[in-house]
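Structure record follows, encoded as structure tokens.
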Amino acid sequence: MTSGGDSPGMNAAIRSVVRTCAYHNIACAGIYRGYQGMIDGDFIDLDARSVRGIINKGGTFLKSARSQDFRTKEGREKAYNNLTKAGIDALVTIGGDGTFTGALIFNEEFNFPVMGIPGTIDNDIAGTSHTLGYDTALNTVVEVIDKIRDTAHSHNRLFFVEVMGRDVGHIALNVGVGAGAEEILIPEEDLGLDRLLDSLRKSKKSGKSSSIVVVAEGDKTGRNVFELKDYVDENLPEYEVRVSVLGHMQRGGSPSCFDRVLASRMGVKAVESLLDGKSNLMVGLVNDKIQLTPLEKAIKGQSKINKELIRVSEIMTT
Ligand code: F6P
């Protein structure tokens, strides 16, 4: 089952779960539209052939949805009865912290075995260095910012580029360094607007004719990118400023090789952990090893911003 914001690599993870079940001669079913599909009994039997040709496809063929009904005991009971009727006795959920919270409650209420695979472009889940889709999103965004830099350069313009990430700055920080941005605004470090103006003045003085400022959507300056543009327009008239909000294109695209391999490794671990009688755990990548983290910890934990990379970004704007 896939739930929450979709991400590239989810199809590869579904494929791995199905094939690992087939490898162990276990029947497998897909649940459409996350928890809502579970309540609606929207299931499909899947075998090794059902998942051919999807490892390279973005999105999730099982679709995803947010479900208000699953927030009610009645909705969860309906879901449980549907699963039991269909002969399904364990659940692999692919998604983010909201998905895992639902899985944990479901386990507590029905003692139903659950395993989590972290799938979100935000990379905001503790217990893994990479969530599925994060690497693909980084590559997608870097490519787009390179394109924006072409036109920024041609017109001597400053661009504010807003990227996703909900309330963490992993995407912004990494693409900012990767695309050589002059400034990166992330929620974890509120640089303040004066620091931004100083940095832009310095860039101008050092002869930079165009600049890119990457802004995480959860940034804490208290101004959205359009208001940041107005602020710079007022305070630095020497700049011609434009804004690009990248939006949902960051969630699409064919998964990178890294995400395909990670998805394949995580799917095997999730199914084989259930076979070992384990439950309430998330599969994660820790020091390049596939490891298990209690769902509780994955949900409550914080994914720390990389301070060393922040320092690198500061040095790179010299
Ligand atoms: O969690 C993934 C994400 O893309 C966030 O980065 C973003 O803030 C959010 O989902 C957007 O949610 P929706 O797809 O519901 O607009």
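Order determines the names: the first chain of the structure tokens is A, the second B, and so forth; residues in each chain are numbered 1 upward, and ligands are numbered 1 upward as they are shown.
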As a PyMOL selection string, please: the residues near region 119-134 of chain A (cut-off 9 Å, only C-alpha atoms, same-chain neighbours under 3 positions excluded).
chain A and resi 2-10+13+58+94-97+137-139+164-171+250-252+255-256+259-260+262-263+282-288+290-294+297-304
Can you list, as a ChimeraX atom specification, every residue of region 2-125 of chain A that DSSP puts in strand (DSSP E)?
/A:28-31,43-46,91-95,114-118
For the structure I just gave you, how does DSSP split region 67-279 of chain A - specifically, which residues are alpha helix (DSSP H)? Reply as a ChimeraX atom specification.
/A:73-85,97-110,134-154,170-178,193-205,225-235,257-275
For region 189-194 of chain A, please output as a PyMOL selection string all residues within 9 Å (counting only C-alpha atoms; exclusion window: fewer than 4 positions along the same chain).
chain A and resi 185+198-199+219-221+228+231
Please dump the current selection as a tab-separated table (two decimals), in the first residue's frame; keep N, CA, C and O atoms.
```
chain	number	residue	atom	x	y	z
A	185	LEU	N	18.10	29.31	1.70
A	185	LEU	CA	17.30	29.62	2.90
A	185	LEU	C	16.56	28.36	3.34
A	185	LEU	O	15.73	27.82	2.60
A	198	ASP	N	23.07	41.41	2.66
A	198	ASP	CA	24.55	41.56	2.66
A	198	ASP	C	25.18	40.62	1.64
A	198	ASP	O	26.04	40.98	0.85
A	199	SER	N	24.70	39.37	1.67
A	199	SER	CA	25.28	38.37	0.78
A	199	SER	C	25.05	38.74	-0.68
A	199	SER	O	25.93	38.61	-1.53
A	219	ASP	N	10.76	27.52	4.87
A	219	ASP	CA	11.71	28.47	5.41
A	219	ASP	C	11.06	29.41	6.42
A	219	ASP	O	9.86	29.69	6.32
A	220	LYS	N	11.85	29.89	7.38
A	220	LYS	CA	11.28	30.65	8.49
A	220	LYS	C	11.55	32.16	8.42
A	220	LYS	O	11.50	32.85	9.43
A	221	THR	N	11.85	32.69	7.24
A	221	THR	CA	12.11	34.16	7.18
A	221	THR	C	10.82	34.93	7.48
A	221	THR	O	10.85	36.12	7.71
A	228	LEU	N	9.77	37.92	-0.59
A	228	LEU	CA	11.24	38.09	-0.60
A	228	LEU	C	11.64	38.91	-1.83
A	228	LEU	O	12.50	39.78	-1.77
A	231	TYR	N	10.91	42.42	-1.15
A	231	TYR	CA	11.87	42.96	-0.17
A	231	TYR	C	13.17	43.34	-0.86
A	231	TYR	O	13.75	44.40	-0.64
```
For CA of Glu217 (chain A) and CA of Ser67 (chain A), determine how far apart the two atoms are, in Å to one decimal place.
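Value for the CA of Glu217 (chain A)-CA of Ser67 (chain A) distance: 24.2 Å.
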Of the candidates A:Thr318, A:Val163, A:Val268, A:Val177, which shows the shortest atom-to-atom distance to Lys205 (chain A), using only C-alpha atoms?
A:Thr318
Neighbour list for region 148-155 of chain A as a list in words, cut-off 12 Å, only C-alpha atoms, skip fewer than 3 positions in-chain:
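The filter keeps Val141, Val142, Glu143, Val144, Ile145, Leu158, Phe159, Phe160, Val161, Ala179, Gly180, Ala181, Glu182, Lys208, Ser209, Ser210, Ser211, Ile212, Val213, Val214, Tyr239, Glu240, Val241, Arg242, Val243, Ser244, Val245 and Leu246 of chain A.
If only C-alpha atoms are the atoms counted, then among A:Glu227, A:Arg19, A:Met316, A:Asn235 the closest residue to Arg201 (chain A) is A:Asn235.
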One-decimal distance in Å that lies between CA of Asn306 (chain A) and CA of Asn224 (chain A):
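Atom-to-atom, CA of Asn224 (chain A) to CA of Asn306 (chain A), that is 23.6 Å.
Between CA of Glu77 (chain A) and CA of Lys278 (chain A) lies a distance of 22.5 Å.
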Determine, counting only C-alpha atoms, which protein, DNA and RNA residues have an atom within 8 Å of an atom of Asn11 (chain A); residues of the same chain fewer than 3 positions away are not included. Present the result as a VMD selection string.
chain A and resid 8 14 to 15 54 to 61
Mind writing the picked residues with N, CA, C and O atoms as a PDB file, in the first residue's frame?
```
ATOM      1  N   PRO A   8       9.081   9.157  -6.487  1.00  0.00           N
ATOM      2  CA  PRO A   8       9.699   8.214  -7.416  1.00  0.00           C
ATOM      3  C   PRO A   8      10.394   7.097  -6.628  1.00  0.00           C
ATOM      4  O   PRO A   8      11.069   7.379  -5.643  1.00  0.00           O
ATOM      5  N   ILE A  14       7.033  -1.394  -4.540  1.00  0.00           N
ATOM      6  CA  ILE A  14       5.899  -2.322  -4.679  1.00  0.00           C
ATOM      7  C   ILE A  14       6.377  -3.581  -5.418  1.00  0.00           C
ATOM      8  O   ILE A  14       6.117  -4.716  -5.013  1.00  0.00           O
ATOM      9  N   ARG A  15       7.117  -3.345  -6.496  1.00  0.00           N
ATOM     10  CA  ARG A  15       7.639  -4.475  -7.300  1.00  0.00           C
ATOM     11  C   ARG A  15       8.467  -5.419  -6.445  1.00  0.00           C
ATOM     12  O   ARG A  15       8.339  -6.637  -6.495  1.00  0.00           O
ATOM     13  N   ILE A  54       7.739  -1.743 -14.252  1.00  0.00           N
ATOM     14  CA  ILE A  54       7.392  -0.529 -13.465  1.00  0.00           C
ATOM     15  C   ILE A  54       8.549   0.023 -12.653  1.00  0.00           C
ATOM     16  O   ILE A  54       8.443   1.084 -12.056  1.00  0.00           O
ATOM     17  N   ILE A  55       9.679  -0.696 -12.651  1.00  0.00           N
ATOM     18  CA  ILE A  55      10.792  -0.235 -11.791  1.00  0.00           C
ATOM     19  C   ILE A  55      11.226   1.197 -12.162  1.00  0.00           C
ATOM     20  O   ILE A  55      11.700   1.954 -11.341  1.00  0.00           O
ATOM     21  N   ASN A  56      11.042   1.522 -13.443  1.00  0.00           N
ATOM     22  CA  ASN A  56      11.500   2.844 -13.929  1.00  0.00           C
ATOM     23  C   ASN A  56      10.385   3.878 -13.979  1.00  0.00           C
ATOM     24  O   ASN A  56      10.586   4.970 -14.504  1.00  0.00           O
ATOM     25  N   LYS A  57       9.227   3.551 -13.441  1.00  0.00           N
ATOM     26  CA  LYS A  57       8.085   4.482 -13.539  1.00  0.00           C
ATOM     27  C   LYS A  57       7.948   5.315 -12.249  1.00  0.00           C
ATOM     28  O   LYS A  57       7.934   4.746 -11.133  1.00  0.00           O
ATOM     29  N   GLY A  58       7.823   6.614 -12.426  1.00  0.00           N
ATOM     30  CA  GLY A  58       7.572   7.474 -11.269  1.00  0.00           C
ATOM     31  C   GLY A  58       6.178   7.227 -10.724  1.00  0.00           C
ATOM     32  O   GLY A  58       5.396   6.483 -11.310  1.00  0.00           O
ATOM     33  N   GLY A  59       5.867   7.862  -9.600  1.00  0.00           N
ATOM     34  CA  GLY A  59       4.534   7.725  -9.025  1.00  0.00           C
ATOM     35  C   GLY A  59       4.307   6.346  -8.432  1.00  0.00           C
ATOM     36  O   GLY A  59       5.250   5.605  -8.161  1.00  0.00           O
ATOM     37  N   THR A  60       3.029   5.981  -8.199  1.00  0.00           N
ATOM     38  CA  THR A  60       2.669   4.673  -7.660  1.00  0.00           C
ATOM     39  C   THR A  60       1.416   4.173  -8.370  1.00  0.00           C
ATOM     40  O   THR A  60       0.382   4.849  -8.360  1.00  0.00           O
ATOM     41  N   PHE A  61       1.520   2.974  -8.977  1.00  0.00           N
ATOM     42  CA  PHE A  61       0.343   2.469  -9.725  1.00  0.00           C
ATOM     43  C   PHE A  61      -0.777   2.099  -8.767  1.00  0.00           C
ATOM     44  O   PHE A  61      -1.944   1.998  -9.175  1.00  0.00           O
TER      45      PHE A  61
END
```
Counting only C-alpha atoms and all ligand atoms, which of A:Ala103, A:Val261, A:Ala65, A:Ile44 gets nearest to ligand 1?
A:Ala65
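Every protein or nucleic acid residue with an atom no more than 8 Å from Leu83 (chain A), counting only C-alpha atoms and leaving out same-chain residues fewer than 5 positions away, appears here: Met38, Gly41, Ile88 and Asp89 of chain A.
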Produce a file of the selected residues containing N, CA, C and O atoms, as a PDB file, in the first residue's frame.
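The result, written out as again-v5.pdb:
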```
ATOM      1  N   MET A  38      -8.251   0.730   1.593  1.00  0.00           N
ATOM      2  CA  MET A  38      -8.385  -0.386   2.550  1.00  0.00           C
ATOM      3  C   MET A  38      -9.818  -0.401   3.099  1.00  0.00           C
ATOM      4  O   MET A  38     -10.442  -1.463   3.232  1.00  0.00           O
ATOM      5  N   GLY A  41     -12.166  -1.610   0.477  1.00  0.00           N
ATOM      6  CA  GLY A  41     -11.919  -2.981  -0.006  1.00  0.00           C
ATOM      7  C   GLY A  41     -11.411  -2.988  -1.437  1.00  0.00           C
ATOM      8  O   GLY A  41     -11.709  -3.900  -2.229  1.00  0.00           O
ATOM      9  N   ILE A  88      -5.809 -11.321   3.918  1.00  0.00           N
ATOM     10  CA  ILE A  88      -4.539 -10.579   4.062  1.00  0.00           C
ATOM     11  C   ILE A  88      -4.184 -10.528   5.546  1.00  0.00           C
ATOM     12  O   ILE A  88      -5.013 -10.117   6.369  1.00  0.00           O
ATOM     13  N   ASP A  89      -2.971 -10.983   5.887  1.00  0.00           N
ATOM     14  CA  ASP A  89      -2.660 -11.027   7.332  1.00  0.00           C
ATOM     15  C   ASP A  89      -1.408 -10.244   7.701  1.00  0.00           C
ATOM     16  O   ASP A  89      -0.893 -10.386   8.811  1.00  0.00           O
TER      17      ASP A  89
END
```
Close residues, region 24-28 of chain A itself excluded, 7 Å, only C-alpha atoms, min 3 positions apart in chain, as an MDAnalysis selection string
chainID A and resid 18 20:21 45:47
Best match for closeness to ligand 1 among A:Val114, A:Leu173, A:Met249, A:Ile305, counting only C-alpha atoms and all ligand atoms:
A:Met249
From the options A:Ala86, A:Val92, A:Pro187, A:Arg52, which residue's atoms come nearest to Pro113 (chain A), counting only C-alpha atoms?
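Result for the nearest residue to Pro113 (chain A): A:Val92.
If only C-alpha atoms are the atoms counted, then among A:Ser206, A:Met115, A:Leu236, A:Glu162 the closest residue to Ser273 (chain A) is A:Met115.
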